[in-house]
Amino acid sequence: MARFLGGITIITVMSRKYHLAIVGSGPSAIYLLKHLLEQSEFLNENIASISVYEKGNLMGMGMPYSPEMVDKANMANIPSEEMPPLLVSFADWLRSLDLVTLEELEVVREEISEQKIYSRIALGKYLQAQYQALIEKLANEGVKIHEFPGCRVLDILCDKAGKAFLVTGNGRHSFDKVFIATGHHWPKDDRPDNGYYASPWPILKLLPKDGEYFNYPIGTLGASLSAFDVVASLAMRHGEFIASSSGLEYRPAPGTEDFKIVMHAGHGKLPHLRYGIEKLQRKIYQHVTREHLLSLVNVKGFLRIDFYFDVVCRPALRHAFMRDGLSEIAELLKDKNFTFAKFVGKMNEEHQYYDAFAGMRAEMVEARDSVLGNNPIHWKEVIDDLIYTLNFHAELMPAEDHIFLNSTVMPFLMNVIAALPLGSGDQLLALHDAGKLELIPGMARVRDEPTEKGLITVRVQQRDGDEEMHYRMFVDCSGQKPVAIEHYPFASLVTTGVVRKAQAKFANERNVDSLPDKNAERVATGNGRKVYDTGGIDIDGTYRVIGTNGRVSSMIYDISFTHTTGVRPYSYGLQSCSDTGAIVAQSLKLAFEESLQSKISENEVTQIYEKV
């Protein structure tokens, strides 16, 4: 194989083909397969086989879209036109289905649209079809495919000869490279006898038996999209939504007089509603080149988030707000004293209402005009792009900026970007109007011990003092947490030092003394310096794990967001799955060209990212 470097042709002779394993078969794995398939010459010359391991019984769906985990009432929040391309678009795949299947998915053929939102189960079946088609095409390219449904990988081992071993209930399986794409990792400390659930998943565990009702209030921790999944599934089984001349109405079933859902949200907010966008696909470098971004790194090797905001975000946001007719905020952004923190505070104020449901009702007018009238809300799209760019360079930030990003920026951003489909917003308003949905502001904490009556006790911090509330059922919907290294699913990678914690150095160690307790407890000392545990495990720019000795593994890649969130804090959604898969496929090609060397230069990483 020939490679050109600095005018010199380097010939690398490959003595054999290699065997790859992917742990998990959800969207991250699917897009990795797609990007590998796009490099057919590379495949033919280097890859002998790909083995895919899936702990669930259904291959090619992923947790958020599997009927084993979600319900037909749970809606996706992305339309076909915004999905990164696979072999066939979601809308075209729906059009290809027979009438019986469409009816099962509750889809009307004549109403299929690239702009429409469909159920997560429909999206899951689409992803599964694309996975199967990719597998077939890879096989046609001469790659042997081995699938292992219902097979949990219990551990991963590495030897000094460059082999990785997957440990399953059937023994050990040897590979040259392993890609960890395990996706969501939910806690298993449900206490169903006491009515407490540590997550909503699988959603079936929360539903009443056929013909039965929960005729009492049910609480949720959080008002996230996961909370709305709980709301939608339970509402469908305790009544029905009826379209009327005045809008959508909810009619409770007889015998559900005391049924209602109470959402506890720290700041008392509901997410923003879905909005129209101008650019259907993200780019890592939408508003800045990689070269320019890397030039912002200071002499100590840090990319400071406020400097990034001043140089990159401020002009892009000013332009966006002017396009949206919001000249007041555009003028504020001219002032260098209007910092990133002040910007977030200002935008949070714009979305703060005394009554969150009244606020949603008012915002629904703008949202409908934006989505149905094809009128983008530019500032929301731009802030999404800007933090997405920062996500792929977060390892350059010091600990202080990781703390600011996660405590201030991310809660604001997720409220904006994890947008609620308009139909789901209509359902929430209908439930609230029917007295079946309530939102209580204030930080809520579940007491560990049940009351004498067996109820879950929730203590809510209010301005005028704490209040205790009691529930027969309470569901933690606060979302996916980073997987701590102590709970990393492949223990041998931890004990042998193949993986290490993701940590960031402080720009100024004196800042440690002023950290809140919840942050201070994540400070440690590494090589004589204070470091901050950012969550999960450490990876390099191409998603290869980094060990306790600082060495990059040539065998183990981890593309699971729950594992790598400390280094890639904003890797949400199918777009991120696609870009991650493209980065890994490009880096894998480069690694094979250089005889599986573990070192990839910064210049080569730049080339990889710019190709994506």
# chains A, B, ... in the order shown; residues from 1 in each chain; ligands from 1

call {"tool": "select_by_dssp", "arguments": {"residues": "region 74-162 of chain A", "states": "strand (DSSP E)", "output": "PyMOL selection string"}}
result
chain A and resi 144-149+155-158

call {"tool": "select_by_dssp", "arguments": {"residues": "region 368-468 of chain A", "states": "alpha helix (DSSP H)", "output": "ChimeraX atom specification"}}
result
/A:368-372,378-391,399-404,410-417,422-433

call {"tool": "write_last_selection", "arguments": {"atoms": "C-alpha atoms", "output": "compact mmCIF listing (two decimals), in the first residue's frame"}}
result
# COMPACT_ATOMS: atom_id res chain seq x y z
CA ARG A 368 -45.28 26.73 14.88
CA ASP A 369 -44.31 29.64 12.69
CA SER A 370 -40.66 28.54 12.77
CA VAL A 371 -41.26 24.84 11.99
CA LEU A 372 -44.33 24.97 9.75
CA HIS A 378 -30.85 31.23 13.90
CA TRP A 379 -29.44 31.89 17.37
CA LYS A 380 -30.52 28.47 18.66
CA GLU A 381 -28.98 26.74 15.68
CA VAL A 382 -25.75 28.72 16.03
CA ILE A 383 -25.24 28.11 19.77
CA ASP A 384 -25.79 24.40 19.09
CA ASP A 385 -23.12 24.46 16.37
CA LEU A 386 -20.65 26.42 18.51
CA ILE A 387 -20.78 24.06 21.49
CA TYR A 388 -20.69 21.07 19.14
CA THR A 389 -17.40 22.41 17.78
CA LEU A 390 -16.08 22.92 21.31
CA ASN A 391 -17.10 19.37 22.18
CA ALA A 399 -10.71 22.16 34.86
CA GLU A 400 -12.26 25.56 35.63
CA ASP A 401 -13.85 25.68 32.18
CA HIS A 402 -15.11 22.09 32.35
CA ILE A 403 -16.87 23.01 35.58
CA PHE A 404 -18.38 26.15 34.02
CA MET A 410 -24.92 22.57 29.42
CA PRO A 411 -28.15 22.91 31.48
CA PHE A 412 -29.03 25.96 29.38
CA LEU A 413 -28.04 24.31 26.13
CA MET A 414 -29.90 21.06 26.78
CA ASN A 415 -33.02 23.07 27.60
CA VAL A 416 -32.71 24.75 24.19
CA ILE A 417 -31.49 21.90 22.01
CA LEU A 422 -44.84 20.43 18.70
CA GLY A 423 -47.27 17.50 19.00
CA SER A 424 -45.75 16.55 22.35
CA GLY A 425 -46.09 20.15 23.49
CA ASP A 426 -49.79 20.07 22.57
CA GLN A 427 -50.21 16.92 24.68
CA LEU A 428 -48.50 18.49 27.70
CA LEU A 429 -50.74 21.53 27.52
CA ALA A 430 -53.86 19.36 27.13
CA LEU A 431 -52.87 17.28 30.18
CA HIS A 432 -52.19 20.40 32.21
CA ASP A 433 -55.55 21.89 31.20

call {"tool": "residues_around", "arguments": {"residues": "Arg191 (chain A)", "least_positions_apart": "3", "cutoff": "12 Å", "atoms": "only C-alpha atoms", "output": "short mmCIF file (atom, residue, chain, number, x, y, z; two decimals) with C-alpha atoms, in the first residue's frame"}}
result
data_model
loop_
_atom_site.label_atom_id
_atom_site.label_comp_id
_atom_site.auth_asym_id
_atom_site.auth_seq_id
_atom_site.Cartn_x
_atom_site.Cartn_y
_atom_site.Cartn_z
CA PRO A 187 -28.64 2.31 37.08
CA LYS A 188 -30.11 -0.94 38.34
CA ASN A 194 -41.43 0.82 47.37
CA GLY A 195 -42.46 2.50 44.10
CA TYR A 196 -39.08 4.05 43.31
CA TYR A 197 -37.49 3.74 39.84
CA ALA A 198 -33.93 4.93 39.21
CA SER A 199 -34.69 5.44 35.49
CA LYS A 205 -41.97 -1.52 34.04
CA LEU A 206 -43.89 1.70 34.77
CA ASP A 448 -33.56 6.83 51.03
CA GLU A 449 -35.89 5.38 53.60
CA PRO A 450 -39.59 4.82 52.84
CA GLY A 454 -44.49 2.73 52.19
CA LEU A 455 -44.54 6.01 50.23
CA ILE A 456 -41.58 7.67 48.55
CA ARG A 472 -46.66 5.80 45.66
CA MET A 473 -44.58 5.90 42.45
CA PHE A 474 -41.60 8.13 41.71
CA VAL A 475 -39.37 7.97 38.62
CA ASP A 476 -35.91 9.51 38.28
#

call {"tool": "closest_residue", "arguments": {"among": "A:Lys116, A:Lys209, A:His238, A:Lys481", "to": "Pro252 (chain A)", "atoms": "only C-alpha atoms"}}
result
A:His238

call {"tool": "closest_residue", "arguments": {"among": "A:Phe228, A:Phe165, A:Tyr216, A:Tyr65", "to": "His470 (chain A)", "atoms": "only C-alpha atoms"}}
result
A:Tyr216
